[in-house]
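Q: Enclosed is the structure file protein01.pdb (PDB, C-alpha atoms and all ligand atoms).
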MODEL        1
ATOM      1  CA  MET A   1      27.752 -19.451 -11.557
ATOM      2  CA  PRO A   2      24.314 -17.673 -11.705
ATOM      3  CA  SER A   3      24.384 -13.912 -12.397
ATOM      4  CA  PRO A   4      23.854 -11.549  -9.418
ATOM      5  CA  SER A   5      20.450 -10.466 -10.819
ATOM      6  CA  ILE A   6      19.191 -14.085 -10.998
ATOM      7  CA  THR A   7      20.512 -14.771  -7.482
ATOM      8  CA  SER A   8      18.784 -11.601  -6.251
ATOM      9  CA  PHE A   9      15.506 -12.608  -7.963
ATOM     10  CA  VAL A  10      15.593 -16.112  -6.451
ATOM     11  CA  THR A  11      16.380 -14.619  -3.019
ATOM     12  CA  ASP A  12      13.427 -12.207  -3.380
ATOM     13  CA  VAL A  13      11.031 -15.020  -4.338
ATOM     14  CA  PHE A  14      12.221 -17.077  -1.359
ATOM     15  CA  ARG A  15      11.863 -14.094   1.008
ATOM     16  CA  LEU A  16       8.376 -13.325  -0.322
ATOM     17  CA  THR A  17       7.319 -16.956   0.069
ATOM     18  CA  ILE A  18       8.364 -16.905   3.743
ATOM     19  CA  TRP A  19       6.478 -13.590   4.230
ATOM     20  CA  LEU A  20       3.393 -15.036   2.510
ATOM     21  CA  LEU A  21       3.403 -18.074   4.801
ATOM     22  CA  LEU A  22       3.743 -15.782   7.831
ATOM     23  CA  LEU A  23       0.901 -13.528   6.612
ATOM     24  CA  MET A  24      -1.303 -16.563   5.982
ATOM     25  CA  ALA A  25      -0.527 -17.839   9.489
ATOM     26  CA  ILE A  26      -1.615 -14.478  10.936
ATOM     27  CA  PHE A  27      -4.581 -13.367   8.826
ATOM     28  CA  MET A  28      -6.308 -16.631   7.933
ATOM     29  CA  PRO A  29      -6.961 -17.550  11.610
ATOM     30  CA  LEU A  30      -7.892 -13.916  12.457
ATOM     31  CA  GLU A  31     -10.442 -13.783   9.611
ATOM     32  CA  ARG A  32     -11.867 -17.118  10.781
ATOM     33  CA  LEU A  33     -11.993 -16.161  14.486
ATOM     34  CA  PHE A  34     -13.306 -12.581  14.096
ATOM     35  CA  PRO A  35     -15.146 -12.578  10.766
ATOM     36  CA  LEU A  36     -16.899  -9.450   9.594
ATOM     37  CA  HIS A  37     -18.779 -11.534   7.024
ATOM     38  CA  PRO A  38     -19.123 -15.100   8.389
ATOM     39  CA  GLN A  39     -20.897 -16.291   5.221
ATOM     40  CA  ARG A  40     -18.143 -15.291   2.792
ATOM     41  CA  ASN A  41     -16.252 -17.695   0.576
ATOM     42  CA  MET A  42     -12.937 -18.215   2.424
ATOM     43  CA  ARG A  43     -11.144 -19.401  -0.716
ATOM     44  CA  SER A  44     -12.517 -16.579  -2.831
ATOM     45  CA  ARG A  45      -9.836 -15.496  -5.319
ATOM     46  CA  LEU A  46      -6.997 -17.008  -3.251
ATOM     47  CA  GLY A  47      -5.170 -18.132  -6.422
ATOM     48  CA  SER A  48      -5.304 -14.756  -8.149
ATOM     49  CA  GLY A  49      -4.488 -13.036  -4.841
ATOM     50  CA  ILE A  50      -1.237 -15.027  -4.585
ATOM     51  CA  ILE A  51      -0.311 -14.187  -8.212
ATOM     52  CA  TYR A  52      -0.853 -10.478  -7.529
ATOM     53  CA  TYR A  53       1.107 -10.802  -4.273
ATOM     54  CA  PHE A  54       4.272 -11.957  -6.056
ATOM     55  CA  LEU A  55       3.808  -9.697  -9.082
ATOM     56  CA  ASN A  56       3.273  -6.545  -7.065
ATOM     57  CA  ASN A  57       6.049  -7.210  -4.611
ATOM     58  CA  LEU A  58       8.646  -8.044  -7.271
ATOM     59  CA  LEU A  59       7.859  -5.470  -9.954
ATOM     60  CA  PRO A  60       7.947  -2.215  -7.918
ATOM     61  CA  LYS A  61      11.478  -2.982  -6.712
ATOM     62  CA  LEU A  62      12.592  -3.545 -10.321
ATOM     63  CA  LEU A  63      10.758  -0.550 -11.740
ATOM     64  CA  LEU A  64      11.191   2.011  -8.966
ATOM     65  CA  THR A  65      14.915   1.774  -8.174
ATOM     66  CA  MET A  66      16.054   3.610 -11.323
ATOM     67  CA  PRO A  67      13.513   6.509 -11.225
ATOM     68  CA  LEU A  68      14.221   7.055  -7.532
ATOM     69  CA  LEU A  69      17.990   7.041  -8.120
ATOM     70  CA  LEU A  70      17.539   9.563 -10.969
ATOM     71  CA  LEU A  71      15.250  11.748  -8.859
ATOM     72  CA  THR A  72      17.650  11.698  -5.906
ATOM     73  CA  GLY A  73      20.637  12.387  -8.188
ATOM     74  CA  LEU A  74      18.847  15.369  -9.741
ATOM     75  CA  ALA A  75      17.765  16.717  -6.351
ATOM     76  CA  HIS A  76      21.322  16.460  -5.017
ATOM     77  CA  ARG A  77      22.495  18.619  -7.948
ATOM     78  CA  LEU A  78      19.783  21.244  -7.506
ATOM     79  CA  VAL A  79      19.547  21.492  -3.706
ATOM     80  CA  PRO A  80      22.503  22.834  -1.661
ATOM     81  CA  LEU A  81      24.558  19.923  -0.307
ATOM     82  CA  GLY A  82      24.299  21.236   3.254
ATOM     83  CA  PHE A  83      20.554  20.510   3.275
ATOM     84  CA  TYR A  84      21.064  16.792   2.665
ATOM     85  CA  GLN A  85      24.044  16.583   5.004
ATOM     86  CA  HIS A  86      21.734  18.040   7.656
ATOM     87  CA  THR A  87      18.735  15.694   7.108
ATOM     88  CA  GLU A  88      20.945  12.622   6.629
ATOM     89  CA  SER A  89      22.616  13.302   9.983
ATOM     90  CA  TRP A  90      19.317  12.961  11.884
ATOM     91  CA  PRO A  91      18.784   9.715  13.848
ATOM     92  CA  TRP A  92      17.003   6.989  11.875
ATOM     93  CA  TYR A  93      13.888   7.164  14.080
ATOM     94  CA  VAL A  94      13.467  10.907  13.425
ATOM     95  CA  ARG A  95      13.878  10.331   9.671
ATOM     96  CA  LEU A  96      11.454   7.366   9.861
ATOM     97  CA  SER A  97       8.775   9.369  11.739
ATOM     98  CA  LEU A  98       9.026  12.261   9.274
ATOM     99  CA  ALA A  99       9.119   9.849   6.320
ATOM    100  CA  LEU A 100       5.916   8.158   7.566
ATOM    101  CA  VAL A 101       4.041  11.490   7.534
ATOM    102  CA  ILE A 102       5.612  12.962   4.352
ATOM    103  CA  GLY A 103       5.241   9.624   2.526
ATOM    104  CA  GLU A 104       1.635   9.359   3.678
ATOM    105  CA  ILE A 105       0.787  12.735   2.155
ATOM    106  CA  GLY A 106       2.446  11.701  -1.139
ATOM    107  CA  ALA A 107       0.629   8.350  -1.139
ATOM    108  CA  TYR A 108      -2.673  10.072  -0.276
ATOM    109  CA  TRP A 109      -2.450  12.300  -3.359
ATOM    110  CA  GLY A 110      -1.221   9.483  -5.592
ATOM    111  CA  HIS A 111      -4.227   7.429  -4.522
ATOM    112  CA  ARG A 112      -6.647  10.343  -4.845
ATOM    113  CA  TRP A 113      -5.382  11.129  -8.367
ATOM    114  CA  SER A 114      -5.855   7.426  -9.218
ATOM    115  CA  HIS A 115      -9.561   7.935  -8.532
ATOM    116  CA  GLN A 116      -9.927  11.353 -10.125
ATOM    117  CA  VAL A 117      -7.833  11.042 -13.304
ATOM    118  CA  PRO A 118      -9.552   8.695 -15.800
ATOM    119  CA  PHE A 119      -6.223   7.452 -17.233
ATOM    120  CA  LEU A 120      -5.081   6.365 -13.740
ATOM    121  CA  TRP A 121      -8.503   5.002 -12.702
ATOM    122  CA  GLN A 122      -8.467   2.502 -15.573
ATOM    123  CA  PHE A 123      -5.559   0.801 -13.729
ATOM    124  CA  HIS A 124      -6.704   1.427 -10.150
ATOM    125  CA  VAL A 125     -10.214   0.030 -10.775
ATOM    126  CA  LEU A 126      -8.712  -3.466 -10.578
ATOM    127  CA  HIS A 127      -8.103  -2.949  -6.855
ATOM    128  CA  HIS A 128     -11.757  -1.970  -6.335
ATOM    129  CA  GLU A 129     -13.307  -4.791  -8.293
ATOM    130  CA  PRO A 130     -13.634  -7.507  -5.575
ATOM    131  CA  GLU A 131     -17.085  -7.794  -4.033
ATOM    132  CA  GLU A 132     -15.521  -9.470  -0.996
ATOM    133  CA  VAL A 133     -12.648  -7.621   0.683
ATOM    134  CA  ASN A 134     -10.073  -9.710   2.523
ATOM    135  CA  TRP A 135      -6.399  -9.398   3.523
ATOM    136  CA  LEU A 136      -5.058 -10.527   0.129
ATOM    137  CA  VAL A 137      -6.930  -7.753  -1.714
ATOM    138  CA  HIS A 138      -4.118  -5.472  -0.489
ATOM    139  CA  THR A 139      -1.758  -6.569  -3.282
ATOM    140  CA  ARG A 140      -4.494  -7.013  -5.897
ATOM    141  CA  ALA A 141      -3.525  -4.087  -8.128
ATOM    142  CA  HIS A 142      -2.411  -3.392 -11.669
ATOM    143  CA  PRO A 143       1.417  -3.067 -11.677
ATOM    144  CA  VAL A 144       1.108   0.438 -13.200
ATOM    145  CA  ASP A 145      -1.156   1.454 -10.307
ATOM    146  CA  MET A 146       1.128  -0.125  -7.693
ATOM    147  CA  VAL A 147       4.264   1.514  -9.118
ATOM    148  CA  PHE A 148       2.595   4.945  -9.516
ATOM    149  CA  THR A 149       1.189   5.069  -5.976
ATOM    150  CA  ARG A 150       4.440   3.843  -4.419
ATOM    151  CA  PHE A 151       6.403   6.403  -6.408
ATOM    152  CA  CYS A 152       4.114   9.199  -5.140
ATOM    153  CA  GLY A 153       4.690   8.004  -1.559
ATOM    154  CA  LEU A 154       8.461   7.550  -1.840
ATOM    155  CA  ALA A 155       9.437  10.514  -4.052
ATOM    156  CA  PRO A 156       8.953  13.232  -1.376
ATOM    157  CA  VAL A 157      10.774  11.064   1.178
ATOM    158  CA  TYR A 158      13.836  10.793  -1.082
ATOM    159  CA  LEU A 159      13.610  14.409  -2.235
ATOM    160  CA  LEU A 160      13.843  15.573   1.373
ATOM    161  CA  GLY A 161      16.802  13.275   2.007
ATOM    162  CA  LEU A 162      14.911  11.219   4.628
ATOM    163  CA  ALA A 163      15.944   7.980   2.896
ATOM    164  CA  GLN A 164      18.515   6.731   0.414
ATOM    165  CA  PRO A 165      17.529   4.614  -2.617
ATOM    166  CA  GLN A 166      18.147   0.915  -2.046
ATOM    167  CA  GLY A 167      21.257   0.154  -4.059
ATOM    168  CA  HIS A 168      23.975  -2.063  -2.693
ATOM    169  CA  ASN A 169      23.496  -0.711   0.820
ATOM    170  CA  VAL A 170      20.097  -1.181   2.434
ATOM    171  CA  ASP A 171      18.833   1.972   4.148
ATOM    172  CA  LEU A 172      16.826   1.240   7.289
ATOM    173  CA  VAL A 173      14.194   3.948   6.620
ATOM    174  CA  PRO A 174      12.764   2.708   3.262
ATOM    175  CA  ALA A 175      13.063  -0.895   4.482
ATOM    176  CA  LEU A 176      10.980  -0.102   7.600
ATOM    177  CA  LEU A 177       8.546   2.044   5.602
ATOM    178  CA  SER A 178       7.974  -0.889   3.280
ATOM    179  CA  ILE A 179       7.474  -3.411   6.131
ATOM    180  CA  ILE A 180       5.122  -1.143   8.146
ATOM    181  CA  GLY A 181       3.111  -0.138   5.047
ATOM    182  CA  SER A 182       2.847  -3.710   3.843
ATOM    183  CA  ILE A 183       1.733  -5.321   7.132
ATOM    184  CA  TRP A 184      -0.760  -2.523   7.819
ATOM    185  CA  GLY A 185      -2.045  -2.740   4.241
ATOM    186  CA  PHE A 186      -2.930  -6.413   4.708
ATOM    187  CA  PHE A 187      -4.537  -5.634   8.092
ATOM    188  CA  ILE A 188      -6.857  -2.854   6.846
ATOM    189  CA  HIS A 189      -8.131  -5.061   4.017
ATOM    190  CA  ALA A 190      -8.750  -8.061   6.308
ATOM    191  CA  ASP A 191     -12.296  -9.308   6.793
ATOM    192  CA  ILE A 192     -12.052  -8.713  10.538
ATOM    193  CA  GLY A 193     -14.901  -6.995  12.385
ATOM    194  CA  TRP A 194     -12.669  -5.073  14.804
ATOM    195  CA  ARG A 195     -13.149  -1.394  15.649
ATOM    196  CA  LEU A 196     -10.267   0.501  17.258
ATOM    197  CA  GLY A 197     -12.256   3.159  19.140
ATOM    198  CA  PRO A 198     -10.683   6.664  19.226
ATOM    199  CA  LEU A 199      -7.493   5.207  17.692
ATOM    200  CA  GLU A 200      -9.356   4.934  14.376
ATOM    201  CA  TRP A 201      -8.948   8.681  13.902
ATOM    202  CA  VAL A 202      -5.174   8.315  14.268
ATOM    203  CA  ILE A 203      -4.302   5.055  12.522
ATOM    204  CA  ALA A 204      -6.136   3.279   9.693
ATOM    205  CA  SER A 205      -8.439   0.402  10.674
ATOM    206  CA  PRO A 206     -10.254  -2.238   8.604
ATOM    207  CA  ALA A 207     -13.466  -0.151   8.888
ATOM    208  CA  PHE A 208     -11.668   2.957   7.594
ATOM    209  CA  HIS A 209     -10.386   1.177   4.496
ATOM    210  CA  HIS A 210     -13.472  -1.008   3.944
ATOM    211  CA  TRP A 211     -15.403   2.247   3.499
ATOM    212  CA  HIS A 212     -12.915   3.118   0.758
ATOM    213  CA  HIS A 213     -14.046  -0.063  -1.038
ATOM    214  CA  THR A 214     -17.791   0.500  -0.596
ATOM    215  CA  ASN A 215     -20.256   0.179  -3.442
ATOM    216  CA  ASP A 216     -23.171   1.463  -1.335
ATOM    217  CA  GLY A 217     -23.743   4.587  -3.404
ATOM    218  CA  GLN A 218     -22.099   7.617  -4.976
ATOM    219  CA  GLU A 219     -22.254   9.665  -1.778
ATOM    220  CA  PHE A 220     -19.865   7.231  -0.052
ATOM    221  CA  VAL A 221     -17.214   6.814  -2.769
ATOM    222  CA  ASN A 222     -13.898   8.693  -3.054
ATOM    223  CA  LYS A 223     -13.301   8.729   0.713
ATOM    224  CA  ASN A 224     -10.473   7.498   2.936
ATOM    225  CA  PHE A 225      -7.474   7.548   0.570
ATOM    226  CA  SER A 226      -4.736   7.397   3.244
ATOM    227  CA  PRO A 227      -2.920   4.076   3.610
ATOM    228  CA  LEU A 228      -1.965   4.576   7.266
ATOM    229  CA  LEU A 229      -3.044   7.890   8.831
ATOM    230  CA  PRO A 230      -6.775   8.836   8.628
ATOM    231  CA  TRP A 231      -6.120  12.381   9.858
ATOM    232  CA  VAL A 232      -4.480  13.073   6.490
ATOM    233  CA  ASP A 233      -7.922  12.439   4.922
ATOM    234  CA  SER A 234      -9.431  14.712   7.548
ATOM    235  CA  LEU A 235      -6.892  17.408   6.584
ATOM    236  CA  PHE A 236      -7.930  17.239   2.909
ATOM    237  CA  GLY A 237     -11.679  16.790   3.515
ATOM    238  CA  THR A 238     -12.183  13.155   2.445
ATOM    239  CA  LEU A 239     -12.571  11.323   5.777
ATOM    240  CA  TYR A 240     -15.693   9.159   6.239
ATOM    241  CA  LEU A 241     -15.785   6.981   9.344
ATOM    242  CA  PRO A 242     -19.242   6.094  10.724
ATOM    243  CA  ASN A 243     -19.874   3.397  13.342
ATOM    244  CA  SER A 244     -21.408   1.122  10.701
ATOM    245  CA  TRP A 245     -19.748  -0.991   7.967
ATOM    246  CA  PRO A 246     -20.397  -0.957   4.215
ATOM    247  CA  THR A 247     -23.118  -3.346   3.049
ATOM    248  CA  LYS A 248     -21.505  -4.075  -0.309
ATOM    249  CA  TYR A 249     -18.166  -3.717  -2.067
ATOM    250  CA  GLY A 250     -16.817  -3.554  -5.586
ATOM    251  CA  VAL A 251     -17.466  -1.664  -8.781
ATOM    252  CA  ASP A 252     -19.992  -2.375 -11.500
ATOM    253  CA  SER A 253     -17.751  -3.688 -14.314
ATOM    254  CA  PRO A 254     -15.193  -6.512 -13.811
ATOM    255  CA  THR A 255     -11.802  -6.027 -15.463
ATOM    256  CA  SER A 256      -9.329  -8.697 -14.394
ATOM    257  CA  PRO A 257      -8.229 -11.687 -16.514
ATOM    258  CA  VAL A 258      -6.160 -13.070 -13.605
ATOM    259  CA  ASP A 259      -9.321 -14.127 -11.726
ATOM    260  CA  HIS A 260      -9.636 -17.224 -13.878
ATOM    261  CA  TYR A 261      -6.905 -18.831 -11.736
TER     262      TYR A 261
HETATM  263 ZN    ZN A 301      -8.773   3.383  -4.222
HETATM  264 ZN    ZN A 302      -7.813  -1.254  -0.783
ENDMDL
END
Please, can you express the file's structure as structure tokens?
Ligand SMILES: [Zn+2]
Ligand SMILES: [Zn+2]
A:
Amino acid sequence: MPSPSITSFVTDVFRLTIWLLLLMAIFMPLERLFPLHPQRNMRSRLGSGIIYYFLNNLLPKLLLTMPLLLLTGLAHRLVPLGFYQHTESWPWYVRLSLALVIGEIGAYWGHRWSHQVPFLWQFHVLHHEPEEVNWLVHTRAHPVDMVFTRFCGLAPVYLLGLAQPQGHNVDLVPALLSIIGSIWGFFIHADIGWRLGPLEWVIASPAFHHWHHTNDGQEFVNKNFSPLLPWVDSLFGTLYLPNSWPTKYGVDSPTSPVDHY
């Protein structure tokens, strides 16, 4: 009889494989039908992208559950119980809407610190290394970077009692946050030449995030840190969203050993 942790790991790998096949079925045809860069290498870094996909979807769950449980436990001791009884009684869609905004602000600052603090940048640079940005670049990140940014996004959500850590019972709010964030993350990295008109100021588009990956010059870097809501960048003075697209991506020094695959 396999142990529950091995069964859970195998189930996760199976679930992620199904998700990967679905994502491939969506984004590969979209990138072929509406290419931003028709001349790019379609198979560029597909192997390493898939390795990062599994690594960065499996590790955060393993590494984040305990810190989030500890944080929530501590908060429940320090904050009057009535506060959490109040927030936990709200309908799931109210908690989800608030969690999207609160989590976005946490993720914005986590991401911004990853650019500004040299210790964090040494991990985050891996995400900025590709000179071609496509949907799979979303999960191309150092595990330390992935765990840190997710923690910054989730910590305020749990501290305010808008979600419960995923233990034996699955809470709808973090599950939906994860699905929405993940699908949109793949979309904004995709090599798709779509513009969303006025909506681009409300919800992140490929152009918004491609400008985050630009290597066009120092005046364009350190912009557009929000994963989902560009107005959060506007609020903190880092929004850059012209009608044009970047002409080149990447950083000047490669760092990843996984690209040999
Ligand atoms: Zn970044
Ligand atoms: Zn990115």
Q: The PyMOL selection byres (((chain A and resi 231) around 12) and not hetatm) - which residues does that actually catch in the file I just gave you? List them as a list in words.
A: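 Applying the expression gives Val101, Glu104, Ile105, Tyr108, Pro198, Leu199, Glu200, Trp201, Val202, Ile203, Ala204, Phe208, Asn224, Phe225, Ser226, Pro227, Leu228, Leu229, Pro230, Val232, Asp233, Ser234, Leu235, Phe236, Gly237, Thr238, Leu239, Tyr240 and Leu241 of chain A.
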Q: Go ahead and compute the interatomic distance for atom CA of Pro246 of chain A and atom CA of Trp211 of chain A, in Å to one decimal.
A: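 Interatomic distance, atom CA of Pro246 of chain A to atom CA of Trp211 of chain A: 6.0 Å.
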Q: Using all atoms listed in the file, which residues sit within 9 Å of Phe148 of chain A once same-chain residues fewer than 6 positions away are excluded, as a PyMOL selection string?
A: chain A and resi 110-111+114+120
Q: Could you make a table, as a tab-separated table, of the residues of chain A that have an atom within 8 Å of an atom of ligand ZN 301 (chain A), each with its nearest atom pair and distance in Å to one decimal, counting only C-alpha atoms and all ligand atoms, in chain and number order?
A:
residue	atom	partner	partner_atom	distance
A:His111	CA	A:ZN301	ZN	6.1
A:Arg112	CA	A:ZN301	ZN	7.3
A:Ser114	CA	A:ZN301	ZN	7.1
A:His115	CA	A:ZN301	ZN	6.3
A:His124	CA	A:ZN301	ZN	6.6
A:Val125	CA	A:ZN301	ZN	7.5
A:His127	CA	A:ZN301	ZN	6.9
A:His128	CA	A:ZN301	ZN	6.5
A:His212	CA	A:ZN301	ZN	6.5
A:His213	CA	A:ZN301	ZN	7.1
A:Asn222	CA	A:ZN301	ZN	7.5
A:Phe225	CA	A:ZN301	ZN	6.5
Q: What gap, in Å, lies between atom CA of Arg150 of chain A and atom CA of Glu31 of chain A?
A: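 These two atoms are separated by 27.0 Å.
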Q: Here's the selection I'm unsure about, the PyMOL selection byres (((chain A and resi 193) around 7) and not hetatm); applied to the file above, which residues does it give, as a list in words?
A: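 Selected by the PyMOL selection byres (((chain A and resi 193) around 7) and not hetatm) in this file: Phe34, Pro35, Leu36, Asp191, Ile192, Trp194 and Arg195 of chain A.
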Q: Print the selection's residues with C-alpha atoms to a file, as a PDB file, in the frame of the given file.
A:
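Saved to again.pdb:
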ATOM      1  CA  PHE A  34     -13.306 -12.581  14.096  1.00  0.00           C
ATOM      2  CA  PRO A  35     -15.146 -12.578  10.766  1.00  0.00           C
ATOM      3  CA  LEU A  36     -16.899  -9.450   9.594  1.00  0.00           C
ATOM      4  CA  ASP A 191     -12.296  -9.308   6.793  1.00  0.00           C
ATOM      5  CA  ILE A 192     -12.052  -8.713  10.538  1.00  0.00           C
ATOM      6  CA  TRP A 194     -12.669  -5.073  14.804  1.00  0.00           C
ATOM      7  CA  ARG A 195     -13.149  -1.394  15.649  1.00  0.00           C
TER       8      ARG A 195
END
Q: If we count all atoms listed in the file and set the cut-off at 10 Å, which residues sit around Met24 of chain A, ignoring sequence neighbours fewer than 6 positions away in its own chain? Please answer as a PyMOL selection string.
A: chain A and resi 18+30+135-136
Q: Taking the file as I've supplied it (selection: the PyMOL selection byres (((chain A and resi 73-81) around 12) and not hetatm)), which residues are included? Please answer as a list in words.
A: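 Taken over the shown coordinates, the PyMOL selection byres (((chain A and resi 73-81) around 12) and not hetatm) returns Met66, Pro67, Leu68, Leu69, Leu70, Leu71, Thr72, Gly82, Phe83, Tyr84, Gln85, His86, Thr87, Glu88, Ala155, Pro156, Val157, Tyr158, Leu159, Leu160, Gly161, Gln164 and Pro165 of chain A.
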Q: Please produce an output containing C-alpha atoms for each residue in the selection, written as a CSV table (one decimal), in the coordinates of the input.
A:
chain,number,residue,atom,x,y,z
A,66,MET,CA,16.1,3.6,-11.3
A,67,PRO,CA,13.5,6.5,-11.2
A,68,LEU,CA,14.2,7.1,-7.5
A,69,LEU,CA,18.0,7.0,-8.1
A,70,LEU,CA,17.5,9.6,-11.0
A,71,LEU,CA,15.2,11.7,-8.9
A,72,THR,CA,17.6,11.7,-5.9
A,82,GLY,CA,24.3,21.2,3.3
A,83,PHE,CA,20.6,20.5,3.3
A,84,TYR,CA,21.1,16.8,2.7
A,85,GLN,CA,24.0,16.6,5.0
A,86,HIS,CA,21.7,18.0,7.7
A,87,THR,CA,18.7,15.7,7.1
A,88,GLU,CA,20.9,12.6,6.6
A,155,ALA,CA,9.4,10.5,-4.1
A,156,PRO,CA,9.0,13.2,-1.4
A,157,VAL,CA,10.8,11.1,1.2
A,158,TYR,CA,13.8,10.8,-1.1
A,159,LEU,CA,13.6,14.4,-2.2
A,160,LEU,CA,13.8,15.6,1.4
A,161,GLY,CA,16.8,13.3,2.0
A,164,GLN,CA,18.5,6.7,0.4
A,165,PRO,CA,17.5,4.6,-2.6
Q: Excluding segment 169-182 of chain A and residues on its chain fewer than 2 positions from it, collect all residues at most 10 Å away from it, counting only C-alpha atoms, and give them as a ChimeraX atom specification.
A: /A:57,92-97,99-100,103-104,138-139,150,154,157-158,162-167,184-187,227-228
Q: Counting all atoms listed in the file, which residue out of A:Phe27, A:Tyr249, A:Trp109, A:Phe14 sits closest to Val133 of chain A?
A: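 Distance minimum relative to Val133 of chain A lands on A:Tyr249.
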Q: What does the distance between atom CA of Met146 of chain A and atom CA of Leu63 of chain A come to in Å, to one decimal place?
A: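 Pair atom CA of Met146 of chain A / atom CA of Leu63 of chain A returns 10.5 Å.
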Q: Nearest to ligand ZN 302 (chain A): which of A:Gly153, A:Gly197, A:Pro130, A:Gly49 is it, counting all atoms listed in the file?
A: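 For ligand ZN 302 (chain A), the nearest of the given residues is A:Pro130.
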Q: Of the candidates A:Leu98, A:Leu126, A:Ile26, A:Val117, which one gets nearest to ligand ZN 302 (chain A) if we count all atoms listed in the file?
A: A:Leu126
Q: Keeping just C-alpha atoms, export segment 108-151 of chain A of this structure as a PDB file, in the first residue's frame.
A:
ATOM      1  CA  TYR A 108       3.326  43.189  -6.940  1.00  0.00           C
ATOM      2  CA  TRP A 109       5.669  44.033  -4.056  1.00  0.00           C
ATOM      3  CA  GLY A 110       7.194  40.554  -3.972  1.00  0.00           C
ATOM      4  CA  HIS A 111       7.975  40.893  -7.670  1.00  0.00           C
ATOM      5  CA  ARG A 112       9.239  44.462  -7.331  1.00  0.00           C
ATOM      6  CA  TRP A 113      11.550  43.474  -4.449  1.00  0.00           C
ATOM      7  CA  SER A 114      12.828  40.603  -6.638  1.00  0.00           C
ATOM      8  CA  HIS A 115      14.081  43.256  -9.059  1.00  0.00           C
ATOM      9  CA  GLN A 116      15.347  45.748  -6.501  1.00  0.00           C
ATOM     10  CA  VAL A 117      17.035  43.517  -3.899  1.00  0.00           C
ATOM     11  CA  PRO A 118      20.244  41.994  -5.340  1.00  0.00           C
ATOM     12  CA  PHE A 119      19.884  38.783  -3.279  1.00  0.00           C
ATOM     13  CA  LEU A 120      16.400  38.179  -4.757  1.00  0.00           C
ATOM     14  CA  TRP A 121      17.363  39.287  -8.291  1.00  0.00           C
ATOM     15  CA  GLN A 122      20.015  36.564  -8.509  1.00  0.00           C
ATOM     16  CA  PHE A 123      17.098  34.065  -8.469  1.00  0.00           C
ATOM     17  CA  HIS A 124      14.558  36.113 -10.436  1.00  0.00           C
ATOM     18  CA  VAL A 125      16.994  36.820 -13.305  1.00  0.00           C
ATOM     19  CA  LEU A 126      16.354  33.274 -14.543  1.00  0.00           C
ATOM     20  CA  HIS A 127      12.810  34.291 -15.494  1.00  0.00           C
ATOM     21  CA  HIS A 128      14.139  37.242 -17.519  1.00  0.00           C
ATOM     22  CA  GLU A 129      16.841  35.388 -19.379  1.00  0.00           C
ATOM     23  CA  PRO A 130      14.903  34.125 -22.465  1.00  0.00           C
ATOM     24  CA  GLU A 131      15.358  36.226 -25.587  1.00  0.00           C
ATOM     25  CA  GLU A 132      12.100  34.804 -26.943  1.00  0.00           C
ATOM     26  CA  VAL A 133       9.047  35.081 -24.687  1.00  0.00           C
ATOM     27  CA  ASN A 134       6.335  32.462 -25.099  1.00  0.00           C
ATOM     28  CA  TRP A 135       3.585  30.905 -22.952  1.00  0.00           C
ATOM     29  CA  LEU A 136       5.907  28.397 -21.247  1.00  0.00           C
ATOM     30  CA  VAL A 137       8.207  31.161 -19.955  1.00  0.00           C
ATOM     31  CA  HIS A 138       5.539  31.696 -17.271  1.00  0.00           C
ATOM     32  CA  THR A 139       6.825  28.796 -15.148  1.00  0.00           C
ATOM     33  CA  ARG A 140      10.494  29.311 -16.039  1.00  0.00           C
ATOM     34  CA  ALA A 141      11.671  30.504 -12.623  1.00  0.00           C
ATOM     35  CA  HIS A 142      14.081  29.524  -9.887  1.00  0.00           C
ATOM     36  CA  PRO A 143      12.117  27.633  -7.182  1.00  0.00           C
ATOM     37  CA  VAL A 144      13.287  30.179  -4.564  1.00  0.00           C
ATOM     38  CA  ASP A 145      11.873  32.987  -6.720  1.00  0.00           C
ATOM     39  CA  MET A 146       8.603  31.131  -7.356  1.00  0.00           C
ATOM     40  CA  VAL A 147       8.094  30.301  -3.669  1.00  0.00           C
ATOM     41  CA  PHE A 148       8.998  33.838  -2.490  1.00  0.00           C
ATOM     42  CA  THR A 149       6.667  35.628  -4.917  1.00  0.00           C
ATOM     43  CA  ARG A 150       3.782  33.238  -4.233  1.00  0.00           C
ATOM     44  CA  PHE A 151       4.278  33.647  -0.499  1.00  0.00           C
TER      45      PHE A 151
END
